[in-house]
>>> print(open('coords.cif').read())   # mmCIF, C-alpha atoms and all ligand atoms
data_run
#
loop_
_atom_site.label_atom_id
_atom_site.label_comp_id
_atom_site.auth_asym_id
_atom_site.auth_seq_id
_atom_site.Cartn_x
_atom_site.Cartn_y
_atom_site.Cartn_z
CA MET M 1 -26.38 -11.45 15.95
CA MET M 2 -22.71 -11.84 15.06
CA GLY M 3 -20.11 -10.72 17.58
CA LYS M 4 -17.63 -7.93 17.02
CA LYS M 5 -15.06 -8.41 14.25
CA ARG M 6 -11.66 -9.16 15.75
CA VAL M 7 -9.14 -6.90 14.01
CA ALA M 8 -5.34 -6.82 13.82
CA ILE M 9 -3.70 -3.67 12.48
CA LEU M 10 -0.15 -4.10 11.23
CA GLY M 11 1.49 -0.67 11.00
CA SER M 12 -0.97 0.97 13.41
CA THR M 13 1.20 4.07 13.90
CA GLY M 14 1.28 5.08 10.23
CA SER M 15 -1.01 7.19 8.10
CA ILE M 16 -3.34 4.29 7.16
CA GLY M 17 -2.94 2.66 10.59
CA THR M 18 -4.03 5.73 12.56
CA GLN M 19 -6.96 6.38 10.21
CA ALA M 20 -8.03 2.77 10.65
CA LEU M 21 -7.88 3.16 14.43
CA ASN M 22 -10.17 6.20 14.20
CA ILE M 23 -12.64 4.01 12.34
CA ILE M 24 -12.34 1.22 14.92
CA HIS M 25 -13.08 3.84 17.59
CA GLU M 26 -16.01 5.31 15.66
CA PHE M 27 -17.49 1.85 15.09
CA SER M 28 -16.54 0.34 18.42
CA ASP M 29 -19.79 -1.68 18.48
CA ASP M 30 -18.65 -3.54 15.37
CA PHE M 31 -14.92 -4.01 15.90
CA GLU M 32 -12.62 -5.23 18.61
CA LEU M 33 -8.93 -4.39 18.26
CA LYS M 34 -6.83 -7.45 19.10
CA LEU M 35 -3.33 -6.62 17.88
CA ILE M 36 -1.37 -3.55 16.83
CA SER M 37 2.19 -3.33 15.53
CA ALA M 38 4.79 -0.82 14.41
CA ASN M 39 8.46 -0.52 13.66
CA SER M 40 9.82 1.90 16.28
CA SER M 41 7.10 4.45 17.23
CA LYS M 42 7.01 3.39 20.88
CA GLU M 43 5.25 6.43 22.37
CA LEU M 44 2.39 6.26 19.89
CA LEU M 45 2.12 2.49 20.32
CA LEU M 46 1.87 3.01 24.07
CA LYS M 47 -0.86 5.63 23.65
CA GLN M 48 -2.79 3.36 21.28
CA SER M 49 -2.34 0.38 23.63
CA LEU M 50 -3.64 2.27 26.66
CA PHE M 51 -6.61 3.59 24.70
CA PHE M 52 -7.69 0.47 22.79
CA LYS M 53 -6.38 -2.22 25.16
CA PRO M 54 -5.50 -4.78 22.45
CA ASN M 55 -4.33 -8.24 23.58
CA HIS M 56 -1.04 -7.97 21.70
CA VAL M 57 1.32 -5.15 20.80
CA VAL M 58 4.37 -5.77 18.62
CA VAL M 59 7.30 -3.44 18.06
CA ASN M 60 10.39 -4.07 15.97
CA THR M 61 13.11 -2.45 18.08
CA GLY M 62 14.62 -3.69 21.34
CA ASP M 63 14.41 -0.20 22.76
CA GLY M 64 10.70 0.01 21.89
CA TYR M 65 10.13 -3.39 23.45
CA ASN M 66 11.74 -2.42 26.79
CA TYR M 67 9.82 0.85 26.86
CA LEU M 68 6.44 -0.77 26.18
CA LYS M 69 7.11 -3.68 28.52
CA LYS M 70 7.90 -1.25 31.32
CA ASN M 71 4.96 1.06 30.69
CA LEU M 72 2.39 -1.66 30.10
CA LYS M 73 3.36 -3.95 32.98
CA LYS M 74 0.24 -3.12 34.98
CA ASN M 75 -2.00 -3.83 31.97
CA ASP M 76 -3.24 -7.09 30.58
CA ILE M 77 -1.50 -6.45 27.24
CA LYS M 78 1.28 -8.69 25.96
CA VAL M 79 4.30 -6.98 24.39
CA TYR M 80 6.47 -8.64 21.73
CA CYS M 81 9.49 -7.73 19.66
CA GLY M 82 10.17 -8.32 15.97
CA ASN M 83 8.46 -9.22 12.73
CA ASP M 84 9.15 -12.98 13.15
CA VAL M 85 7.09 -12.96 16.34
CA LEU M 86 4.47 -10.90 14.53
CA CYS M 87 4.18 -13.68 11.93
CA ASP M 88 3.79 -16.29 14.70
CA LEU M 89 1.08 -14.23 16.38
CA ILE M 90 -0.79 -13.83 13.10
CA GLU M 91 -0.72 -17.57 12.59
CA SER M 92 -1.60 -18.63 16.13
CA ASN M 93 -4.42 -16.21 17.00
CA ASP M 94 -7.98 -15.79 15.78
CA PHE M 95 -8.55 -12.58 13.86
CA ASP M 96 -11.51 -11.95 11.56
CA ILE M 97 -9.54 -9.45 9.51
CA ILE M 98 -5.95 -8.25 9.34
CA LEU M 99 -5.25 -4.79 7.99
CA VAL M 100 -1.77 -4.80 6.47
CA ALA M 101 -0.67 -1.16 6.68
CA ILE M 102 3.07 -1.69 7.11
CA VAL M 103 5.06 0.24 4.50
CA GLY M 104 7.47 -1.51 2.12
CA PHE M 105 8.94 -4.98 1.76
CA ALA M 106 8.53 -5.67 5.50
CA ALA M 107 4.86 -6.50 4.91
CA LEU M 108 5.60 -9.49 2.68
CA LEU M 109 6.14 -12.17 5.35
CA PRO M 110 3.29 -11.08 7.66
CA THR M 111 0.95 -11.09 4.64
CA ILE M 112 2.05 -14.62 3.77
CA SER M 113 1.47 -15.71 7.38
CA ALA M 114 -2.02 -14.25 7.22
CA ILE M 115 -2.87 -16.12 4.02
CA LYS M 116 -1.41 -19.41 5.25
CA SER M 117 -3.42 -19.25 8.45
CA GLY M 118 -6.66 -18.52 6.61
CA LYS M 119 -7.08 -14.90 7.71
CA LYS M 120 -9.01 -12.41 5.65
CA ILE M 121 -6.73 -9.52 4.64
CA ALA M 122 -7.44 -5.83 4.06
CA LEU M 123 -4.35 -4.91 2.07
CA ALA M 124 -3.09 -1.33 2.03
CA ASN M 125 0.55 -2.25 1.45
CA LYS M 126 1.30 -2.48 -2.27
CA GLU M 127 4.98 -3.40 -2.16
CA THR M 128 4.03 -6.97 -1.20
CA LEU M 129 2.34 -7.50 -4.57
CA VAL M 130 5.08 -5.66 -6.45
CA VAL M 131 7.69 -7.99 -4.97
CA GLY M 132 5.81 -11.25 -4.59
CA GLY M 133 2.61 -10.99 -6.64
CA GLN M 134 3.11 -14.41 -8.21
CA ILE M 135 3.72 -16.13 -4.87
CA ILE M 136 0.87 -14.31 -3.12
CA SER M 137 -1.45 -15.14 -5.96
CA SER M 138 -0.73 -18.88 -5.85
CA LEU M 139 -0.92 -18.92 -2.03
CA LEU M 140 -4.36 -17.28 -2.23
CA ASN M 141 -5.36 -20.10 -4.56
CA ASP M 142 -3.89 -22.86 -2.40
CA TYR M 143 -5.34 -21.54 0.86
CA ASN M 144 -8.58 -20.19 -0.59
CA GLY M 145 -7.54 -16.78 0.73
CA GLU M 146 -9.18 -13.41 0.37
CA ILE M 147 -7.67 -9.94 -0.05
CA ILE M 148 -9.84 -6.83 0.08
CA PRO M 149 -7.89 -3.92 -1.42
CA VAL M 150 -7.51 -0.72 0.60
CA ASP M 151 -5.51 1.34 -1.89
CA SER M 152 -8.14 3.84 -3.09
CA GLU M 153 -7.82 2.98 -6.82
CA HIS M 154 -8.07 -0.74 -6.14
CA SER M 155 -10.91 -0.31 -3.70
CA ALA M 156 -12.65 1.61 -6.51
CA ILE M 157 -11.99 -1.15 -9.07
CA PHE M 158 -13.05 -3.81 -6.56
CA GLN M 159 -16.31 -1.93 -5.97
CA CYS M 160 -16.90 -1.45 -9.72
CA LEU M 161 -16.41 -5.19 -10.27
CA GLN M 162 -18.98 -6.33 -7.70
CA GLY M 163 -21.34 -8.69 -9.49
CA GLU M 164 -19.28 -8.55 -12.72
CA LYS M 165 -17.15 -11.21 -14.41
CA ILE M 166 -13.48 -10.33 -14.94
CA SER M 167 -13.78 -11.91 -18.42
CA THR M 168 -16.14 -9.05 -19.42
CA VAL M 169 -13.55 -6.36 -18.59
CA LYS M 170 -12.00 -4.59 -21.56
CA ASN M 171 -9.77 -2.17 -19.66
CA ILE M 172 -9.06 -1.08 -16.13
CA ILE M 173 -8.30 2.62 -15.94
CA LEU M 174 -6.35 3.84 -12.92
CA THR M 175 -6.58 7.52 -12.15
CA ALA M 176 -3.49 9.41 -10.98
CA SER M 177 -3.40 12.87 -9.44
CA GLY M 178 -0.06 13.51 -11.17
CA GLY M 179 1.52 14.43 -7.84
CA PRO M 180 3.07 17.77 -6.88
CA PHE M 181 5.21 17.98 -10.04
CA ARG M 182 2.55 17.45 -12.69
CA GLY M 183 3.48 19.48 -15.75
CA PHE M 184 7.15 19.82 -14.74
CA SER M 185 9.91 19.32 -17.33
CA SER M 186 12.88 17.03 -16.64
CA LYS M 187 14.97 20.17 -16.11
CA GLU M 188 12.53 21.59 -13.54
CA LEU M 189 12.59 18.29 -11.64
CA GLY M 190 16.34 18.75 -11.16
CA ASP M 191 15.86 21.38 -8.44
CA VAL M 192 12.90 20.07 -6.46
CA SER M 193 13.38 19.83 -2.71
CA VAL M 194 12.30 17.11 -0.29
CA GLU M 195 9.89 19.58 1.30
CA LYS M 196 8.21 20.30 -2.05
CA ALA M 197 8.05 16.60 -2.93
CA LEU M 198 6.35 15.90 0.41
CA LYS M 199 3.56 18.40 -0.35
CA HIS M 200 1.04 16.25 -2.18
CA PRO M 201 -1.76 18.35 -3.67
CA ASN M 202 -4.65 16.03 -2.64
CA TRP M 203 -3.54 13.31 -0.23
CA ASN M 204 -1.97 13.31 3.20
CA MET M 205 0.05 10.08 3.42
CA GLY M 206 3.23 8.56 4.84
CA ASN M 207 6.52 9.97 3.53
CA LYS M 208 7.53 7.00 1.39
CA ILE M 209 4.32 6.79 -0.61
CA THR M 210 4.26 10.58 -0.95
CA ILE M 211 7.65 10.52 -2.68
CA ASP M 212 6.48 7.54 -4.77
CA SER M 213 3.52 9.66 -5.81
CA ALA M 214 5.80 12.51 -6.86
CA THR M 215 7.89 10.22 -9.11
CA LEU M 216 4.78 8.30 -10.29
CA MET M 217 6.41 5.12 -8.93
CA ASN M 218 3.30 4.84 -6.79
CA LYS M 219 1.13 4.69 -9.92
CA GLY M 220 3.56 2.19 -11.40
CA PHE M 221 3.26 0.01 -8.30
CA GLU M 222 -0.50 0.32 -8.57
CA LEU M 223 -0.37 -1.04 -12.12
CA ILE M 224 1.42 -4.12 -10.80
CA GLU M 225 -0.99 -4.30 -7.86
CA THR M 226 -3.91 -4.24 -10.34
CA LYS M 227 -2.44 -7.12 -12.33
CA TRP M 228 -2.21 -9.36 -9.28
CA LEU M 229 -5.41 -8.33 -7.52
CA PHE M 230 -7.65 -8.64 -10.55
CA ASN M 231 -5.68 -11.02 -12.78
CA VAL M 232 -5.61 -8.85 -15.92
CA PRO M 233 -2.79 -8.61 -18.50
CA PHE M 234 -0.69 -5.44 -18.71
CA ASN M 235 -2.22 -4.29 -22.01
CA LYS M 236 -5.61 -3.97 -20.31
CA ILE M 237 -4.40 -1.65 -17.53
CA LYS M 238 -4.26 2.08 -18.35
CA VAL M 239 -3.44 5.23 -16.43
CA VAL M 240 -5.09 8.61 -16.84
CA VAL M 241 -4.03 11.70 -14.91
CA HIS M 242 -6.98 13.26 -13.09
CA PRO M 243 -5.70 16.12 -10.94
CA GLU M 244 -8.80 16.47 -8.71
CA SER M 245 -8.63 12.83 -7.42
CA ILE M 246 -12.44 12.57 -7.32
CA ILE M 247 -12.79 9.60 -9.64
CA HIS M 248 -10.78 6.91 -7.89
CA SER M 249 -10.61 4.56 -10.91
CA LEU M 250 -12.77 3.11 -13.66
CA VAL M 251 -13.58 -0.21 -15.31
CA GLU M 252 -14.45 -0.35 -19.00
CA PHE M 253 -16.49 -3.41 -20.01
CA LEU M 254 -16.73 -5.26 -23.33
CA ASP M 255 -20.12 -3.71 -24.12
CA GLY M 256 -18.61 -0.20 -23.89
CA SER M 257 -20.07 0.61 -20.49
CA VAL M 258 -17.69 2.32 -18.05
CA ILE M 259 -18.24 2.12 -14.29
CA ALA M 260 -16.36 4.45 -11.96
CA GLN M 261 -16.21 4.98 -8.21
CA LEU M 262 -16.13 8.55 -6.91
CA GLY M 263 -15.53 10.24 -3.60
CA GLN M 264 -13.53 12.95 -1.88
CA PRO M 265 -9.80 12.19 -1.75
CA SER M 266 -9.81 10.48 1.63
CA MET M 267 -8.79 7.00 2.74
CA TYR M 268 -11.73 6.87 5.14
CA ILE M 269 -14.08 5.11 2.71
CA PRO M 270 -11.59 2.56 1.32
CA ILE M 271 -10.54 1.54 4.85
CA LEU M 272 -14.12 1.46 6.13
CA TYR M 273 -15.29 -0.52 3.09
CA ALA M 274 -12.49 -3.10 3.41
CA LEU M 275 -13.07 -3.61 7.15
CA ASN M 276 -16.82 -4.07 6.66
CA TYR M 277 -16.86 -5.90 3.34
CA PRO M 278 -19.26 -7.27 2.10
CA LYS M 279 -21.42 -5.02 4.28
CA ARG M 280 -21.85 -1.29 3.62
CA VAL M 281 -22.48 0.90 6.66
CA SER M 282 -23.62 4.49 7.06
CA SER M 283 -20.66 6.69 7.86
CA SER M 284 -19.37 10.17 8.51
CA ALA M 285 -17.45 10.22 5.19
CA PRO M 286 -16.92 13.65 3.62
CA LYS M 287 -19.81 14.20 1.18
CA LEU M 288 -19.21 14.51 -2.54
CA ASP M 289 -20.87 17.65 -3.91
CA LEU M 290 -20.56 17.58 -7.71
CA VAL M 291 -22.21 20.98 -8.12
CA LYS M 292 -19.51 22.53 -5.95
CA ILE M 293 -16.76 20.62 -7.76
CA LYS M 294 -18.18 21.71 -11.15
CA SER M 295 -15.50 20.29 -13.45
CA LEU M 296 -13.10 17.37 -13.58
CA HIS M 297 -9.99 17.19 -15.76
CA PHE M 298 -8.03 14.41 -17.45
CA GLU M 299 -4.73 14.16 -19.30
CA GLU M 300 -2.11 11.63 -20.42
CA PRO M 301 0.76 10.94 -18.00
CA ASN M 302 4.05 12.37 -19.26
CA LYS M 303 6.14 9.20 -19.53
CA SER M 304 9.18 10.94 -20.97
CA VAL M 305 9.56 12.99 -17.78
CA PHE M 306 8.23 10.43 -15.29
CA LYS M 307 10.12 7.29 -16.28
CA HIS M 308 9.06 5.19 -13.31
CA LEU M 309 5.79 4.19 -15.01
CA ASP M 310 7.64 2.25 -17.70
CA PHE M 311 9.54 0.24 -15.09
CA ALA M 312 6.19 -0.97 -13.86
CA TYR M 313 4.88 -1.97 -17.29
CA GLU M 314 8.13 -3.86 -17.80
CA ALA M 315 7.71 -5.55 -14.41
CA ILE M 316 4.26 -6.79 -15.40
CA ARG M 317 5.49 -7.89 -18.84
CA VAL M 318 8.54 -9.87 -17.72
CA GLY M 319 7.42 -10.92 -14.22
CA GLY M 320 9.94 -12.98 -12.22
CA SER M 321 12.28 -11.09 -9.92
CA PHE M 322 11.95 -7.75 -11.76
CA GLY M 323 9.42 -6.35 -9.29
CA CYS M 324 11.59 -7.34 -6.33
CA VAL M 325 14.61 -5.45 -7.71
CA LEU M 326 12.41 -2.52 -8.69
CA ASN M 327 10.94 -2.29 -5.19
CA ALA M 328 14.20 -2.71 -3.27
CA SER M 329 16.12 -0.19 -5.38
CA ASN M 330 13.21 2.23 -5.12
CA GLU M 331 13.07 1.87 -1.32
CA VAL M 332 16.79 2.65 -1.11
CA ALA M 333 16.47 5.57 -3.54
CA VAL M 334 13.46 7.12 -1.76
CA SER M 335 15.13 6.82 1.62
CA ALA M 336 18.32 8.47 0.27
CA PHE M 337 16.27 11.30 -1.23
CA LEU M 338 14.32 11.80 2.01
CA ASN M 339 17.65 11.96 3.85
CA LYS M 340 18.88 14.54 1.33
CA LYS M 341 21.73 12.35 0.11
CA ILE M 342 20.64 12.45 -3.53
CA ARG M 343 18.55 14.69 -5.80
CA PHE M 344 15.02 13.88 -6.93
CA ILE M 345 16.18 13.01 -10.46
CA ASP M 346 18.87 10.63 -9.16
CA MET M 347 16.26 8.17 -7.93
CA VAL M 348 15.50 6.92 -11.42
CA ASN M 349 19.19 6.14 -12.10
CA ILE M 350 19.52 4.06 -8.96
CA ILE M 351 16.60 1.91 -10.07
CA GLU M 352 17.83 1.67 -13.66
CA LYS M 353 21.34 0.60 -12.63
CA SER M 354 20.00 -1.95 -10.12
CA LEU M 355 17.72 -3.49 -12.74
CA GLU M 356 20.71 -3.80 -15.07
CA LYS M 357 23.04 -5.23 -12.45
CA ILE M 358 20.99 -7.78 -10.49
CA THR M 359 20.57 -11.14 -12.22
CA PHE M 360 16.99 -11.78 -13.35
CA VAL M 361 15.28 -14.92 -12.03
CA GLN M 362 12.17 -16.09 -13.91
CA ASN M 363 10.48 -18.16 -11.19
CA PRO M 364 11.82 -16.97 -7.84
CA LYS M 365 10.84 -18.80 -4.67
CA LEU M 366 10.25 -16.86 -1.48
CA GLU M 367 13.85 -17.54 -0.31
CA ASP M 368 15.12 -16.18 -3.64
CA LEU M 369 13.11 -12.99 -3.21
CA LEU M 370 14.48 -12.45 0.30
CA GLU M 371 18.00 -12.84 -1.09
CA ILE M 372 17.43 -10.67 -4.18
CA ASP M 373 15.93 -7.96 -1.97
CA LEU M 374 19.06 -7.89 0.20
CA GLU M 375 21.43 -8.05 -2.76
CA THR M 376 19.63 -5.19 -4.53
CA ARG M 377 19.65 -2.99 -1.43
CA LYS M 378 23.36 -3.61 -0.98
CA PHE M 379 24.10 -2.73 -4.60
CA ALA M 380 21.77 0.31 -4.71
CA LYS M 381 23.50 1.74 -1.62
CA THR M 382 26.89 1.54 -3.36
CA ILE M 383 25.57 3.86 -6.10
CA ILE M 384 24.57 6.47 -3.53
P1 LIG L 401 3.52 5.20 7.06
O1 LIG L 401 4.96 5.40 6.80
O2 LIG L 401 2.71 6.35 7.49
O3 LIG L 401 3.33 4.03 8.14
C1 LIG L 401 4.00 2.82 8.00
C2 LIG L 401 3.69 1.89 9.15
O4 LIG L 401 4.50 0.71 8.99
C3 LIG L 401 4.07 2.46 10.52
O5 LIG L 401 3.22 1.94 11.49
C4 LIG L 401 5.49 1.95 10.70
O6 LIG L 401 5.92 1.94 12.06
C5 LIG L 401 5.36 0.56 10.15
N1 LIG L 401 6.63 0.02 9.68
C6 LIG L 401 7.58 0.66 8.96
N2 LIG L 401 8.63 -0.14 8.73
C7 LIG L 401 8.34 -1.32 9.32
C8 LIG L 401 9.06 -2.54 9.48
N3 LIG L 401 10.27 -2.72 8.95
N4 LIG L 401 8.47 -3.53 10.16
C9 LIG L 401 7.24 -3.38 10.71
N5 LIG L 401 6.53 -2.24 10.61
C10 LIG L 401 7.08 -1.22 9.93
O7 LIG L 401 2.91 4.55 5.72
P2 LIG L 401 1.44 4.71 5.14
O8 LIG L 401 0.43 4.48 6.20
O9 LIG L 401 1.37 5.92 4.31
O10 LIG L 401 1.40 3.49 4.11
C11 LIG L 401 1.34 2.15 4.53
C12 LIG L 401 1.17 1.27 3.29
O11 LIG L 401 -0.09 1.55 2.70
C13 LIG L 401 2.22 1.54 2.20
O12 LIG L 401 2.56 0.35 1.58
C14 LIG L 401 1.51 2.47 1.23
O13 LIG L 401 1.98 2.33 -0.09
C15 LIG L 401 0.07 1.97 1.35
N6 LIG L 401 -0.94 3.00 1.05
C16 LIG L 401 -0.99 4.15 1.79
C17 LIG L 401 -1.92 5.14 1.52
C18 LIG L 401 -2.01 6.37 2.36
O14 LIG L 401 -2.94 7.18 2.16
N7 LIG L 401 -1.13 6.60 3.31
C19 LIG L 401 -2.85 5.00 0.39
C20 LIG L 401 -2.74 3.75 -0.29
C21 LIG L 401 -1.81 2.79 0.02
P3 LIG L 401 6.73 3.22 12.68
O15 LIG L 401 5.70 4.28 12.94
O16 LIG L 401 7.31 2.70 13.93
O17 LIG L 401 7.75 3.62 11.66
MG MG L 402 -3.49 4.66 -4.45
#
>>> encode(input="coords.cif", output="structure tokens")
Amino acid sequence: MMGKKRVAILGSTGSIGTQALNIIHEFSDDFELKLISANSSKELLLKQSLFFKPNHVVVNTGDGYNYLKKNLKKNDIKVYCGNDVLCDLIESNDFDIILVAIVGFAALLPTISAIKSGKKIALANKETLVVGGQIISSLLNDYNGEIIPVDSEHSAIFQCLQGEKISTVKNIILTASGGPFRGFSSKELGDVSVEKALKHPNWNMGNKITIDSATLMNKGFELIETKWLFNVPFNKIKVVVHPESIIHSLVEFLDGSVIAQLGQPSMYIPILYALNYPKRVSSSAPKLDLVKIKSLHFEEPNKSVFKHLDFAYEAIRVGGSFGCVLNASNEVAVSAFLNKKIRFIDMVNIIEKSLEKITFVQNPKLEDLLEIDLETRKFAKTII
């Protein structure tokens, strides 16, 4: 019998991270938690450390480091500070799978470290592929790497494609809930509050992705994510709004057959599936009762109101540094909206102006992306 899978969870204090830890706890015969990390949530990291007793815990702030060091000194748990050290730990330790559940650009370098050191990755973070899809894709080739998607749509597509050839795919159809402002006019979007934007109808997620879902930037990022995960051109990736979020995505094949993956809107299955892949295990997942659900609905996304989707199609079409500028300006815009410095409808302008201003680079290296990210953030902040 194989031993327990040694797991590292990057971003263990977040929405995906905490759900993953529940799964590790539920399936403690199968998994052994070796490393957890977060940005600044020191109390939660301490609680998780005392409960799961991982070998390594990494926090990004000096204050968090001192706090954890002090409170874990009687335990056999090593405490570290900073994302550079996190990258070193990823490279120098044995993990069977690394769940990347950090939000935003900060996941890019740890993901690269994981690929370069031959670790299998369960990828929840989508910004990494938006920013560095080209680089990640060639690294996966060079290092014979493997990414199992965790994002529910991509987990669905990945499951639909099992045993299929990508050359037989006609279209990949991503479903979108439409977010809390589905059906709103541009005028109505003018007045929406942070509190309303944070109330997603179907999903309970971290704040950043919840705002991205309200602008449809999240769906845009998922288009880009689809391109890089499954190597399909932009004209084969479609979006359909499906307010119930029961069908998680679909694949249409050349012969006209369409395969979909269904389930309750919960990240439990995608996380469980990615951690166990290629094995399926019996689980406590919420059951899908189609008779109770009765009907499912579909509509076109309203691109004239939700302009973020077009940024994403453009990013796939032109490639290069476009995705990096798109992501950085969006991170700045979302953070300013969450801090009530700008209105909901101002976010799109910040992205538009950044894309106009920052010089496009066709084949950026990693160093270029790091620089472009910083430059874009600096510029986007001047607009606010
Ligand atoms: P959360 O905001 O809930 O959690 C983010 C995690 O990343 C936290 O552990 C946070 O630590 C850590 N983190 C934040 N900034 C940094 C940094 N600079 N360096 C290191 N760690 C950092 O996000 P979610 O769990 O919602 O999302 C995580 C990723 O998964 C995102 O990319 C999102 O798009 C994707 N995703 C999420 C889904 C969901 O249902 N939530 C669904 C599909 C994809 P701290 O607590 O200290 O801030
Ligand atoms: Mg998703």
>>> closest_residue(input="coords.cif", among="M:Glu225, M:Asp142, M:Asp63, M:Glu300", to="Asn125 of chain M", atoms="only C-alpha atoms")
M:Glu225
>>> residues_near_ligand(input="coords.cif", ligand="ligand MG 402 (chain L)", cutoff="9 Å", atoms="all atoms listed in the file", output="PyMOL selection string")
chain M and resi 124+126+150-155+174-176+209+213+218-219+222+248
>>> closest_atom_pairs(input="coords.cif", of="chain M", to="ligand LIG 401 (chain L)", cutoff="8 Å", atoms="only C-alpha atoms and all ligand atoms", output="Markdown table")
| residue | atom | partner | partner_atom | distance |
| --- | --- | --- | --- | --- |
| M:Leu10 | CA | L:LIG401 | O5 | 6.9 |
| M:Gly11 | CA | L:LIG401 | O5 | 3.2 |
| M:Ser12 | CA | L:LIG401 | O5 | 4.7 |
| M:Thr13 | CA | L:LIG401 | O5 | 3.8 |
| M:Gly14 | CA | L:LIG401 | O3 | 3.1 |
| M:Ser15 | CA | L:LIG401 | O8 | 3.6 |
| M:Ile16 | CA | L:LIG401 | O8 | 3.9 |
| M:Gly17 | CA | L:LIG401 | O8 | 5.8 |
| M:Thr18 | CA | L:LIG401 | O8 | 7.9 |
| M:Ser37 | CA | L:LIG401 | N5 | 6.7 |
| M:Ala38 | CA | L:LIG401 | O6 | 3.8 |
| M:Asn39 | CA | L:LIG401 | O16 | 3.4 |
| M:Ser40 | CA | L:LIG401 | O16 | 3.5 |
| M:Ser41 | CA | L:LIG401 | O16 | 3.7 |
| M:Lys42 | CA | L:LIG401 | O16 | 7.0 |
| M:Leu44 | CA | L:LIG401 | O15 | 7.9 |
| M:Val59 | CA | L:LIG401 | C9 | 7.4 |
| M:Asn60 | CA | L:LIG401 | N4 | 6.1 |
| M:Gly82 | CA | L:LIG401 | N4 | 7.7 |
| M:Asn83 | CA | L:LIG401 | N4 | 6.2 |
| M:Val100 | CA | L:LIG401 | C12 | 7.5 |
| M:Ala101 | CA | L:LIG401 | C11 | 4.4 |
| M:Ile102 | CA | L:LIG401 | O4 | 3.4 |
| M:Val103 | CA | L:LIG401 | O12 | 3.8 |
| M:Gly104 | CA | L:LIG401 | O12 | 5.3 |
| M:Phe105 | CA | L:LIG401 | N3 | 7.7 |
| M:Ala106 | CA | L:LIG401 | N3 | 4.9 |
| M:Ala107 | CA | L:LIG401 | C9 | 7.0 |
| M:Leu123 | CA | L:LIG401 | O11 | 7.8 |
| M:Ala124 | CA | L:LIG401 | O11 | 4.2 |
| M:Asn125 | CA | L:LIG401 | O12 | 3.3 |
| M:Lys126 | CA | L:LIG401 | O12 | 4.9 |
| M:Glu127 | CA | L:LIG401 | O12 | 5.8 |
| M:Thr128 | CA | L:LIG401 | O12 | 8.0 |
| M:Val150 | CA | L:LIG401 | C20 | 6.6 |
| M:Asp151 | CA | L:LIG401 | C20 | 4.0 |
| M:Ser152 | CA | L:LIG401 | C20 | 6.1 |
| M:Trp203 | CA | L:LIG401 | O14 | 6.6 |
| M:Asn204 | CA | L:LIG401 | O14 | 6.3 |
| M:Met205 | CA | L:LIG401 | N7 | 3.7 |
| M:Gly206 | CA | L:LIG401 | O9 | 3.3 |
| M:Asn207 | CA | L:LIG401 | O1 | 5.8 |
| M:Lys208 | CA | L:LIG401 | O1 | 6.2 |
| M:Ile209 | CA | L:LIG401 | O13 | 5.1 |
| M:Thr210 | CA | L:LIG401 | O9 | 7.6 |
| M:Asn218 | CA | L:LIG401 | O13 | 7.3 |
| M:Ser266 | CA | L:LIG401 | O14 | 7.6 |
| M:Met267 | CA | L:LIG401 | O14 | 5.9 |
>>> residues_around(input="coords.cif", residues="Tyr277 of chain M", least_positions_apart="3", cutoff="12 Å", atoms="all atoms listed in the file", output="list in words")
Lys5, Asp96, Ile97, Lys120, Ile121, Ala122, Glu146, Ile147, Ile148, Pro149, Val150, Ser155, Phe158, Gln159, Gln162, Ile269, Pro270, Ile271, Leu272, Tyr273, Ala274, Arg280 and Val281 of chain M
>>> write_last_selection(input="coords.cif", atoms="C-alpha atoms", output="PDB file, keeping the file's coordinate frame")
ATOM      1  CA  LYS M   5     -15.060  -8.410  14.250  1.00  0.00           C
ATOM      2  CA  ASP M  96     -11.510 -11.950  11.560  1.00  0.00           C
ATOM      3  CA  ILE M  97      -9.540  -9.450   9.510  1.00  0.00           C
ATOM      4  CA  LYS M 120      -9.010 -12.410   5.650  1.00  0.00           C
ATOM      5  CA  ILE M 121      -6.730  -9.520   4.640  1.00  0.00           C
ATOM      6  CA  ALA M 122      -7.440  -5.830   4.060  1.00  0.00           C
ATOM      7  CA  GLU M 146      -9.180 -13.410   0.370  1.00  0.00           C
ATOM      8  CA  ILE M 147      -7.670  -9.940  -0.050  1.00  0.00           C
ATOM      9  CA  ILE M 148      -9.840  -6.830   0.080  1.00  0.00           C
ATOM     10  CA  PRO M 149      -7.890  -3.920  -1.420  1.00  0.00           C
ATOM     11  CA  VAL M 150      -7.510  -0.720   0.600  1.00  0.00           C
ATOM     12  CA  SER M 155     -10.910  -0.310  -3.700  1.00  0.00           C
ATOM     13  CA  PHE M 158     -13.050  -3.810  -6.560  1.00  0.00           C
ATOM     14  CA  GLN M 159     -16.310  -1.930  -5.970  1.00  0.00           C
ATOM     15  CA  GLN M 162     -18.980  -6.330  -7.700  1.00  0.00           C
ATOM     16  CA  ILE M 269     -14.080   5.110   2.710  1.00  0.00           C
ATOM     17  CA  PRO M 270     -11.590   2.560   1.320  1.00  0.00           C
ATOM     18  CA  ILE M 271     -10.540   1.540   4.850  1.00  0.00           C
ATOM     19  CA  LEU M 272     -14.120   1.460   6.130  1.00  0.00           C
ATOM     20  CA  TYR M 273     -15.290  -0.520   3.090  1.00  0.00           C
ATOM     21  CA  ALA M 274     -12.490  -3.100   3.410  1.00  0.00           C
ATOM     22  CA  ARG M 280     -21.850  -1.290   3.620  1.00  0.00           C
ATOM     23  CA  VAL M 281     -22.480   0.900   6.660  1.00  0.00           C
TER      24      VAL M 281
END
